[in-house]
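Visitor: This is the content of entry.txt (compact mmCIF, C-alpha atoms and all ligand atoms):
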# COMPACT_ATOMS: atom_id res chain seq x y z
CA MET X 1 -25.35 -164.39 33.18
CA PHE X 2 -26.56 -165.76 29.89
CA ALA X 3 -28.27 -162.98 27.98
CA GLY X 4 -25.38 -160.70 28.94
CA HIS X 5 -22.94 -162.87 27.00
CA ILE X 6 -25.17 -162.52 23.95
CA GLY X 7 -25.30 -158.76 24.46
CA VAL X 8 -21.51 -158.60 24.31
CA ALA X 9 -21.51 -160.82 21.20
CA LEU X 10 -23.94 -158.45 19.49
CA ALA X 11 -21.70 -155.49 20.31
CA ILE X 12 -18.70 -157.34 18.86
CA GLY X 13 -20.81 -158.25 15.84
CA ARG X 14 -21.34 -154.54 15.30
CA ALA X 15 -17.58 -154.10 15.10
CA GLU X 16 -17.23 -156.62 12.25
CA ARG X 17 -20.37 -156.89 10.23
CA ARG X 18 -18.87 -159.11 7.55
CA VAL X 19 -18.88 -162.01 10.00
CA ASN X 20 -22.09 -163.79 10.84
CA VAL X 21 -22.98 -162.67 14.34
CA GLY X 22 -23.77 -166.29 15.21
CA VAL X 23 -20.02 -166.90 15.28
CA PHE X 24 -19.57 -164.28 18.00
CA VAL X 25 -22.57 -165.59 19.93
CA ALA X 26 -21.04 -169.08 19.79
CA ALA X 27 -17.68 -167.68 20.91
CA ALA X 28 -19.23 -165.74 23.80
CA LEU X 29 -21.01 -168.88 25.03
CA TRP X 30 -18.12 -171.24 24.33
CA LEU X 31 -16.84 -171.51 27.92
CA ASP X 32 -20.27 -172.58 29.15
CA ALA X 33 -20.57 -175.17 26.37
CA VAL X 34 -17.21 -176.56 27.51
CA LEU X 35 -18.35 -176.46 31.14
CA TRP X 36 -21.52 -178.47 30.58
CA LEU X 37 -19.75 -180.95 28.35
CA PHE X 38 -17.04 -181.41 30.99
CA VAL X 39 -19.68 -181.82 33.70
CA LEU X 40 -21.27 -184.62 31.68
CA LEU X 41 -17.82 -186.17 31.21
CA GLY X 42 -17.06 -185.90 34.93
CA LEU X 43 -14.13 -183.51 34.45
CA GLU X 44 -15.83 -180.59 36.19
CA SER X 45 -18.71 -180.45 38.63
CA VAL X 46 -21.68 -178.37 39.64
CA ARG X 47 -23.59 -178.69 42.89
CA ILE X 48 -27.07 -177.40 43.59
CA PRO X 49 -26.96 -176.08 47.16
CA ALA X 50 -29.84 -176.32 49.62
CA ASP X 51 -30.46 -172.58 49.43
CA PHE X 52 -30.68 -172.55 45.61
CA ALA X 53 -34.34 -171.47 45.69
CA THR X 54 -33.30 -168.18 47.29
CA THR X 55 -29.85 -167.62 45.75
CA HIS X 56 -30.27 -169.23 42.30
CA GLN X 57 -26.54 -169.83 42.36
CA PRO X 58 -25.16 -173.33 41.77
CA GLU X 59 -21.68 -174.05 43.09
CA PHE X 60 -19.08 -174.81 40.44
CA VAL X 61 -15.73 -176.54 40.27
CA PHE X 62 -14.70 -175.62 36.76
CA PRO X 63 -10.96 -175.02 36.38
CA TRP X 64 -10.76 -176.29 32.79
CA SER X 65 -13.54 -174.17 31.37
CA HIS X 66 -13.65 -171.13 33.66
CA GLY X 67 -10.13 -170.82 35.07
CA LEU X 68 -8.45 -167.57 34.07
CA MET X 69 -5.58 -169.34 32.32
CA ALA X 70 -7.97 -171.87 30.77
CA ALA X 71 -10.15 -169.05 29.44
CA ALA X 72 -7.09 -167.40 27.93
CA ALA X 73 -6.09 -170.70 26.34
CA TRP X 74 -9.60 -171.29 24.95
CA SER X 75 -9.55 -167.74 23.56
CA ALA X 76 -6.25 -168.37 21.80
CA LEU X 77 -7.41 -171.74 20.50
CA THR X 78 -10.68 -170.45 19.09
CA ALA X 79 -8.86 -167.48 17.54
CA ALA X 80 -6.49 -169.88 15.81
CA VAL X 81 -9.40 -171.97 14.54
CA ALA X 82 -11.21 -168.85 13.32
CA ALA X 83 -8.10 -167.66 11.47
CA TRP X 84 -7.59 -171.10 9.96
CA LEU X 85 -11.22 -171.37 8.79
CA CYS X 86 -11.35 -167.85 7.43
CA PRO X 87 -12.33 -168.03 3.76
CA ARG X 88 -9.62 -167.41 1.19
CA ALA X 89 -11.40 -164.29 -0.06
CA ALA X 90 -11.20 -162.74 3.38
CA ARG X 91 -7.59 -163.45 4.30
CA GLY X 92 -6.99 -159.73 4.69
CA VAL X 93 -9.28 -159.52 7.69
CA ARG X 94 -8.61 -162.89 9.27
CA TRP X 95 -6.42 -161.61 12.11
CA ARG X 96 -9.03 -159.02 12.93
CA VAL X 97 -11.71 -161.74 12.92
CA ALA X 98 -9.47 -163.99 15.04
CA ALA X 99 -8.91 -161.19 17.58
CA LEU X 100 -12.64 -160.46 17.80
CA VAL X 101 -13.45 -164.16 18.27
CA ALA X 102 -10.83 -164.36 21.03
CA GLY X 103 -12.31 -161.24 22.61
CA ALA X 104 -15.79 -162.75 22.53
CA VAL X 105 -14.56 -165.96 24.21
CA PHE X 106 -12.65 -164.08 26.91
CA SER X 107 -15.50 -161.63 27.51
CA HIS X 108 -17.38 -164.61 28.95
CA TRP X 109 -14.81 -164.99 31.72
CA LEU X 110 -14.88 -161.27 32.51
CA LEU X 111 -18.67 -161.19 32.82
CA ASP X 112 -18.70 -164.39 34.87
CA ALA X 113 -16.01 -162.95 37.17
CA LEU X 114 -18.30 -159.99 37.73
CA VAL X 115 -21.31 -162.02 38.88
CA HIS X 116 -20.01 -165.31 40.33
CA ARG X 117 -18.83 -165.66 43.89
CA PRO X 118 -15.04 -166.11 44.12
CA GLU X 119 -14.97 -169.53 42.47
CA LEU X 120 -13.24 -168.85 39.14
CA PRO X 121 -9.70 -170.15 39.68
CA LEU X 122 -6.48 -168.73 38.26
CA VAL X 123 -5.31 -172.16 37.14
CA GLY X 124 -6.25 -175.55 38.60
CA ASP X 125 -8.39 -176.38 41.62
CA GLU X 126 -6.15 -175.07 44.37
CA SER X 127 -5.16 -171.67 42.99
CA ALA X 128 -6.41 -168.20 43.84
CA THR X 129 -10.01 -167.55 42.83
CA PHE X 130 -11.84 -164.62 41.29
CA GLY X 131 -15.42 -163.44 41.51
CA LEU X 132 -17.04 -160.15 42.53
CA ALA X 133 -20.30 -161.85 43.58
CA LEU X 134 -22.70 -159.43 41.98
CA TRP X 135 -25.25 -162.25 42.01
CA ASP X 136 -25.39 -161.78 45.77
CA HIS X 137 -27.15 -158.51 44.88
CA MET X 138 -29.45 -160.01 42.28
CA PRO X 139 -31.53 -156.94 41.32
CA LEU X 140 -28.33 -155.01 40.65
CA ALA X 141 -26.85 -157.93 38.69
CA LEU X 142 -29.95 -158.26 36.52
CA LEU X 143 -30.05 -154.51 35.91
CA ALA X 144 -26.40 -154.65 34.77
CA GLU X 145 -27.16 -157.65 32.55
CA ALA X 146 -30.18 -155.92 31.02
CA ALA X 147 -28.06 -152.83 30.33
CA ILE X 148 -25.44 -154.96 28.56
CA VAL X 149 -28.09 -156.68 26.46
CA LEU X 150 -29.84 -153.46 25.47
CA LEU X 151 -26.54 -151.77 24.68
CA GLY X 152 -25.35 -154.69 22.55
CA LEU X 153 -28.68 -154.96 20.76
CA GLY X 154 -28.80 -151.22 20.14
CA LEU X 155 -25.26 -151.20 18.78
CA PHE X 156 -25.89 -154.15 16.51
CA LEU X 157 -29.11 -152.74 15.11
CA SER X 158 -27.78 -149.21 14.75
CA GLY X 159 -25.31 -150.07 12.02
CA GLY X 160 -28.05 -150.80 9.50
CA GLY X 161 -27.79 -153.63 7.03
CA LEU X 162 -30.63 -155.65 8.51
CA SER X 163 -34.08 -155.63 7.05
CA ARG X 164 -36.83 -154.23 9.26
CA GLY X 165 -38.28 -157.71 9.72
CA LYS X 166 -34.96 -159.21 10.81
CA SER X 167 -34.30 -156.29 13.13
CA ILE X 168 -37.64 -156.81 14.84
CA ALA X 169 -37.12 -160.58 15.02
CA LEU X 170 -33.65 -160.14 16.50
CA ALA X 171 -34.93 -157.65 19.07
CA ILE X 172 -37.80 -159.92 20.09
CA VAL X 173 -35.63 -163.03 20.41
CA THR X 174 -32.91 -161.19 22.33
CA LEU X 175 -35.39 -159.62 24.74
CA LEU X 176 -37.05 -163.01 25.23
CA VAL X 177 -33.66 -164.49 26.12
CA LEU X 178 -33.19 -161.67 28.62
CA LEU X 179 -36.64 -162.32 30.06
CA PHE X 180 -35.94 -166.05 30.46
CA THR X 181 -32.59 -165.26 32.02
CA VAL X 182 -34.28 -162.97 34.56
CA ILE X 183 -36.88 -165.64 35.30
CA GLY X 184 -34.13 -168.24 35.64
CA MET X 185 -32.28 -166.10 38.17
CA THR X 186 -35.31 -165.17 40.25
CA VAL X 187 -38.36 -167.43 40.36
CA ALA X 188 -37.37 -170.58 38.48
CA PRO X 189 -37.37 -173.82 40.48
CA ALA X 190 -34.12 -175.68 41.11
CA PRO X 191 -33.15 -178.16 38.39
CA PRO X 192 -33.75 -181.77 39.38
CA SER X 193 -30.03 -182.60 39.31
CA ALA X 194 -26.66 -181.29 38.23
CA MET X 195 -26.60 -183.76 35.34
CA ALA X 196 -30.06 -182.68 34.18
CA MET X 197 -28.84 -179.11 34.39
CA ALA X 198 -25.79 -179.92 32.27
CA SER X 199 -27.67 -181.80 29.56
CA SER X 200 -30.46 -179.22 29.45
CA SER X 201 -27.87 -176.47 29.12
CA LEU X 202 -26.15 -178.17 26.22
CA GLU X 203 -29.46 -178.71 24.46
CA ASN X 204 -31.03 -175.32 25.11
CA GLY X 205 -28.18 -173.03 25.99
CA GLU X 206 -29.88 -172.40 29.33
CA PRO X 207 -29.82 -174.61 32.41
CA LYS X 208 -33.58 -174.68 32.81
CA SER X 209 -35.69 -177.53 31.58
CA TRP X 210 -38.61 -175.14 31.08
CA PHE X 211 -36.67 -173.04 28.62
CA PRO X 212 -38.41 -172.96 25.24
CA PRO X 213 -36.86 -175.09 22.53
CA CYS X 214 -33.48 -173.93 21.49
CA PRO X 215 -33.39 -170.34 20.32
CA PRO X 216 -29.85 -169.54 21.52
CA TRP X 217 -28.50 -172.93 20.60
CA THR X 218 -30.05 -172.56 17.16
CA TRP X 219 -28.27 -169.25 16.77
CA ILE X 220 -24.98 -170.99 17.39
CA TRP X 221 -25.56 -174.19 15.54
CA GLU X 222 -27.55 -173.05 12.54
CA PRO X 223 -24.85 -170.92 10.85
CA ILE X 224 -22.41 -173.79 11.22
CA ARG X 225 -24.77 -176.60 10.24
CA SER X 226 -26.09 -174.77 7.22
CA SER X 227 -22.61 -174.69 5.76
CA THR X 228 -22.42 -170.93 5.93
CA TRP X 229 -19.09 -171.30 7.75
CA PRO X 230 -17.10 -171.14 4.51
CA ASN X 231 -19.12 -168.04 3.60
CA LEU X 232 -19.10 -166.29 6.91
CA VAL X 233 -16.82 -163.50 5.91
CA PHE X 234 -17.65 -161.35 2.94
CA PRO X 235 -15.46 -158.64 1.51
CA ALA X 236 -17.53 -155.47 1.66
CA ARG X 237 -17.33 -155.07 -2.10
CA LEU X 238 -19.38 -158.21 -2.54
CA LYS X 239 -22.38 -156.45 -1.10
CA SER X 240 -25.07 -155.67 -3.59
CA SER X 241 -25.60 -151.96 -4.01
CA SER X 242 -29.01 -152.44 -5.55
CA SER X 243 -30.54 -154.14 -2.55
CA PRO X 244 -29.38 -152.56 0.69
CA GLY X 245 -29.28 -154.93 3.59
CA HIS X 246 -28.78 -158.02 1.47
CA SER X 247 -25.48 -159.45 0.41
CA VAL X 248 -25.14 -161.28 -2.86
CA ALA X 249 -24.75 -164.49 -0.92
CA ARG X 250 -28.45 -165.08 -0.79
CA PRO X 251 -28.21 -168.79 0.07
CA MET X 252 -26.92 -167.69 3.47
CA GLU X 253 -29.96 -165.45 3.87
CA ASP X 254 -32.17 -168.44 3.37
CA ALA X 255 -30.18 -170.87 5.43
CA GLY X 256 -31.53 -169.93 8.83
CA PRO X 257 -31.55 -167.18 11.42
CA ASN X 258 -28.36 -165.54 10.29
CA TRP X 259 -29.54 -161.94 10.40
CA ARG X 260 -27.27 -160.85 7.63
ZN ZN X 301 -19.86 -169.23 32.34
What does the file become when written as structure tokens?

Guide:
Amino acid sequence: MFAGHIGVALAIGRAERRVNVGVFVAAALWLDAVLWLFVLLGLESVRIPADFATTHQPEFVFPWSHGLMAAAAWSALTAAVAAWLCPRAARGVRWRVAALVAGAVFSHWLLDALVHRPELPLVGDESATFGLALWDHMPLALLAEAAIVLLGLGLFLSGGGLSRGKSIALAIVTLLVLLFTVIGMTVAPAPPSAMAMASSSLENGEPKSWFPPCPPWTWIWEPIRSSTWPNLVFPARLKSSSSPGHSVARPMEDAGPNWR
């Protein structure tokens, strides 16, 4: 489940178009970023089982990133950070933005609980675990993931506001991510090691060394790096009426793949 998280982020982005959708994509992938960082730090672990070539399912011990209570705590923490960073001009919507960011973070746990085997703990290593194991029925899981992606993409594009070129670019990139996710869960070879998997995931957003350079990670990082963070939220009245689809904050338009 990777493209599916992005599909949910796009749907949430449709609900609040004044926020750069990259923020919601980052939020929806946050728990995995924590996981791979913690794996590299030795706080959590991932094991590649002997039958990986047929199941494509690593085995995780990840109570601090993917425990139910941990996910709730990360959701609350990221919501607090989002509210704190909300620009002064957008104070009126900051609690709404914070709630949507929290929802995006927690949606990750819900989707993972749908597809993982029962390995997502309540709290700590020894607690009850959750997981409906949809990945044991891979065609069904990938169909569900594709449906989530297409629904999220359709919702995000349906609200207008994007130029035709950006809409096409977003659709192509999103569908490519879905394609690579499907390949990763079906025919991709096992990663050489858990550590290689972790570092590759942090670099590319996908635990496959053959994944093309960085599109999802760029989506997350670029809006932050390009200093759009202080400008992420725009009061609707700031939108230019003379050029539909473009806000007056043109520097943000030129700063990278921000889609708004
Ligand atoms: Zn995850």

Visitor: To one decimal in Å, tell me the separation between CA of Phe52 (chain X) and CA of Ala133 (chain X).

Guide: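 Separating CA of Phe52 (chain X) from CA of Ala133 (chain X) is a distance of 15.0 Å.
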
Visitor: I need the residue nearest Leu77 (chain X) from this list: X:Phe62, X:Asn20, X:Val105, X:Val123. Use only C-alpha atoms for the distance.

Guide: X:Val105

Visitor: So how far away is CA of Leu10 (chain X) from CA of Trp30 (chain X), in Å?

Guide: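 Interatomic distance here is 14.9 Å.
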
Visitor: How many Å separate CA of Leu114 (chain X) from CA of Pro192 (chain X)?

Guide: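 It comes out at 26.8 Å.
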
Visitor: Counting only C-alpha atoms and all ligand atoms, name the residues that have an atom within 8 Å of an atom of ligand ZN 301 (chain X); the answer should be given as a list of chain:residue names.

Guide: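 With only C-alpha atoms and all ligand atoms and a cut-off of 8 Å, ligand ZN 301 (chain X) is contacted by X:Met1, X:Phe2, X:Leu29, X:Leu31, X:Asp32, X:Leu35, X:His66, X:His108, X:Trp109, X:Asp112.
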
Visitor: In the coordinates of the file, take the point (-34.9, -157.0, 24.3) and a cut-off of 12 Å; then, counting all atoms listed in the file, name each qualifying protein, DNA or RNA residue as a PyMOL selection string.

Guide: chain X and resi 3-4+6-7+145-154+157+167-182

Visitor: Go through X:Leu134, X:Val101, X:Leu162, X:Ala113 and flag the residue nearest Ile12 (chain X), using all atoms listed in the file for the distances.

Guide: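 Of X:Leu134, X:Val101, X:Leu162, X:Ala113, the one nearest Ile12 (chain X), counting all atoms listed in the file, is X:Val101.
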
Visitor: Of the candidates X:Val8, X:Leu132, X:Ala102, X:Ala28, which one gets nearest to Ala80 (chain X) if we count only C-alpha atoms?

Guide: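 That would be X:Ala102, the residue with the smallest distance to Ala80 (chain X).
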
Visitor: Can you tell me, as a PyMOL selection string, which residues sit within 6 Å of (-8.9, -173.2, 37.1) in the file's frame, using only C-alpha atoms?

Guide: chain X and resi 63-64+67+121-125

Visitor: Of the residues X:Ala27, X:Ser127, X:Ala9, X:Val115, which is the one nearest to Val81 (chain X), using only C-alpha atoms?

Guide: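 So, comparing all the options, the nearest one is X:Ala27.
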
Visitor: Using all atoms listed in the file, which residue out of X:Trp36, X:Leu111, X:Phe156, X:Ala79 lies closest to Ala144 (chain X)?

Guide: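 Among the listed residues, the smallest separation from Ala144 (chain X) belongs to X:Leu111.
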